[in-house]
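Asker: The structure that follows is given in the form of structure tokens.
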Amino acid sequence: MSGIVLPLPLNGQRPSQIGFERVELTRILDLYGRMVAAGHWRDYAIQLGRDAAVFAAFRRAAENPEFRIEKRPAHRNRQGMWALLGENGTVLKRGAELGPVLAPIERRLMKLVD
């Protein structure tokens with residue numbers, strides 16, 4: 001089995017693609033699984049690009065995503081590299097840490113269970 005090996009960025013160069021670390025993706029997929037179990041989400045998509053990594057959660061596959069979780073390392077020193085965007089693209093929460101950015105969805109999950 002052959003694969004593509006990407007070189008590590010040297011001398012401050014930006015990586016050719018932004019991705020999620022294992023811990024970050026585990027946290028996001030755990031939340032996704034709980035939302036699926038609650039019957040709220042049915043599909044997801046991951047987009048890895050040059051500027052951002054995006055996880056999009058859908059109620060149904062044919063719709064716009066209900067939430068997008070974006071990781072933009074270039075914004076790390078400004079408003080934080082994590083952002084939670086709503087269905088219409090409005091920023092619902094920004095931050096340097098993933099946990100607080102996911103908090104509005106976590107609260108919504110607690111309301112769904114009650």
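Quick note on naming: the chains in the structure tokens go A, B, ... in the order shown, residues restart at 1 in each chain, and ligands are numbered from 1 in order of appearance.
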Pick out each residue of region 2-105 of chain A that DSSP on the backbone tags as helix (DSSP H, G or I); I need them as a list in words.
Answerer: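 The residues of region 2-105 of chain A classed as helix (DSSP H, G or I) are Arg22, Val23, Glu24, Leu25, Thr26, Arg27, Ile28, Leu29, Asp30, Leu31, Tyr32, Gly33, Arg34, Met35, Val36, Ala37, Pro73, Ala74, His75, Leu98, Gly99, Pro100, Val101, Leu102, Ala103, Pro104 and Ile105 of chain A.
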Asker: Do you know which residues are at most 8 Å from region 85-101 of chain A counting only C-alpha atoms, after dropping those on the same chain fewer than 2 positions away, and could you put them as a ChimeraX atom specification?
Answerer: /A:24,64-70,76,79-83,103-104
Asker: For Gln47 (chain A), please output as a PyMOL selection string all residues within 12 Å (counting only C-alpha atoms; exclusion window: fewer than 2 positions along the same chain).
Answerer: chain A and resi 17-20+44-45+49-57+68-71
Asker: Using the chain letters and numbers from this document, which residues of chain A does DSSP assign to strand (DSSP E), as a list in words?
Answerer: Asp43, Tyr44, Ala45, Ile46, Gln47, Leu48, Ala53, Val54, Phe55, Ala56, Ala57, Phe58, Phe67, Arg68, Ile69, Glu70, Lys71, Trp82, Ala83, Leu84, Leu85, Val91, Leu92, Lys93, Arg94 and Gly95 of chain A
Asker: Can you write just those residues out, C-alpha atoms, as a PDB file, in the first residue's frame?
Answerer:
ATOM      1  CA  ASP A  43     -24.348  13.252   8.611  1.00  0.00           C
ATOM      2  CA  TYR A  44     -21.044  15.081   8.749  1.00  0.00           C
ATOM      3  CA  ALA A  45     -18.292  16.300   6.446  1.00  0.00           C
ATOM      4  CA  ILE A  46     -14.669  17.201   7.024  1.00  0.00           C
ATOM      5  CA  GLN A  47     -12.831  19.678   4.820  1.00  0.00           C
ATOM      6  CA  LEU A  48      -9.078  20.068   5.184  1.00  0.00           C
ATOM      7  CA  ALA A  53      -9.888  22.518   8.867  1.00  0.00           C
ATOM      8  CA  VAL A  54     -13.686  22.385   9.028  1.00  0.00           C
ATOM      9  CA  PHE A  55     -16.034  19.829  10.587  1.00  0.00           C
ATOM     10  CA  ALA A  56     -19.630  20.309   9.423  1.00  0.00           C
ATOM     11  CA  ALA A  57     -22.619  18.574  11.074  1.00  0.00           C
ATOM     12  CA  PHE A  58     -25.886  18.091   9.182  1.00  0.00           C
ATOM     13  CA  PHE A  67     -23.000  23.809  12.712  1.00  0.00           C
ATOM     14  CA  ARG A  68     -19.448  24.186  11.449  1.00  0.00           C
ATOM     15  CA  ILE A  69     -16.453  23.846  13.726  1.00  0.00           C
ATOM     16  CA  GLU A  70     -13.455  25.616  12.203  1.00  0.00           C
ATOM     17  CA  LYS A  71      -9.809  25.452  13.161  1.00  0.00           C
ATOM     18  CA  TRP A  82     -11.423  27.779  17.024  1.00  0.00           C
ATOM     19  CA  ALA A  83     -14.800  29.025  15.822  1.00  0.00           C
ATOM     20  CA  LEU A  84     -18.335  27.652  15.951  1.00  0.00           C
ATOM     21  CA  LEU A  85     -20.486  28.851  13.054  1.00  0.00           C
ATOM     22  CA  VAL A  91     -20.003  33.098  14.324  1.00  0.00           C
ATOM     23  CA  LEU A  92     -21.623  31.773  17.494  1.00  0.00           C
ATOM     24  CA  LYS A  93     -18.460  31.331  19.560  1.00  0.00           C
ATOM     25  CA  ARG A  94     -14.698  31.845  19.176  1.00  0.00           C
ATOM     26  CA  GLY A  95     -11.842  30.821  21.383  1.00  0.00           C
TER      27      GLY A  95
END
Asker: Which is closer to His40 (chain A) than all the others in A:Arg59, A:Arg72, A:Arg78, A:Arg108, using only C-alpha atoms?
Answerer: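 Ranking A:Arg59, A:Arg72, A:Arg78, A:Arg108 by distance to His40 (chain A), first place goes to A:Arg59.
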Asker: Please, what distance in Å, to one decimal, runs between CA of Leu25 (chain A) and CA of Leu102 (chain A)?
Answerer: 12.3 Å
Asker: Measure the distance from CA of Leu31 (chain A) to CA of Ile105 (chain A) in Å and round it to one decimal.
Answerer: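 Those two atoms sit 8.3 Å apart.
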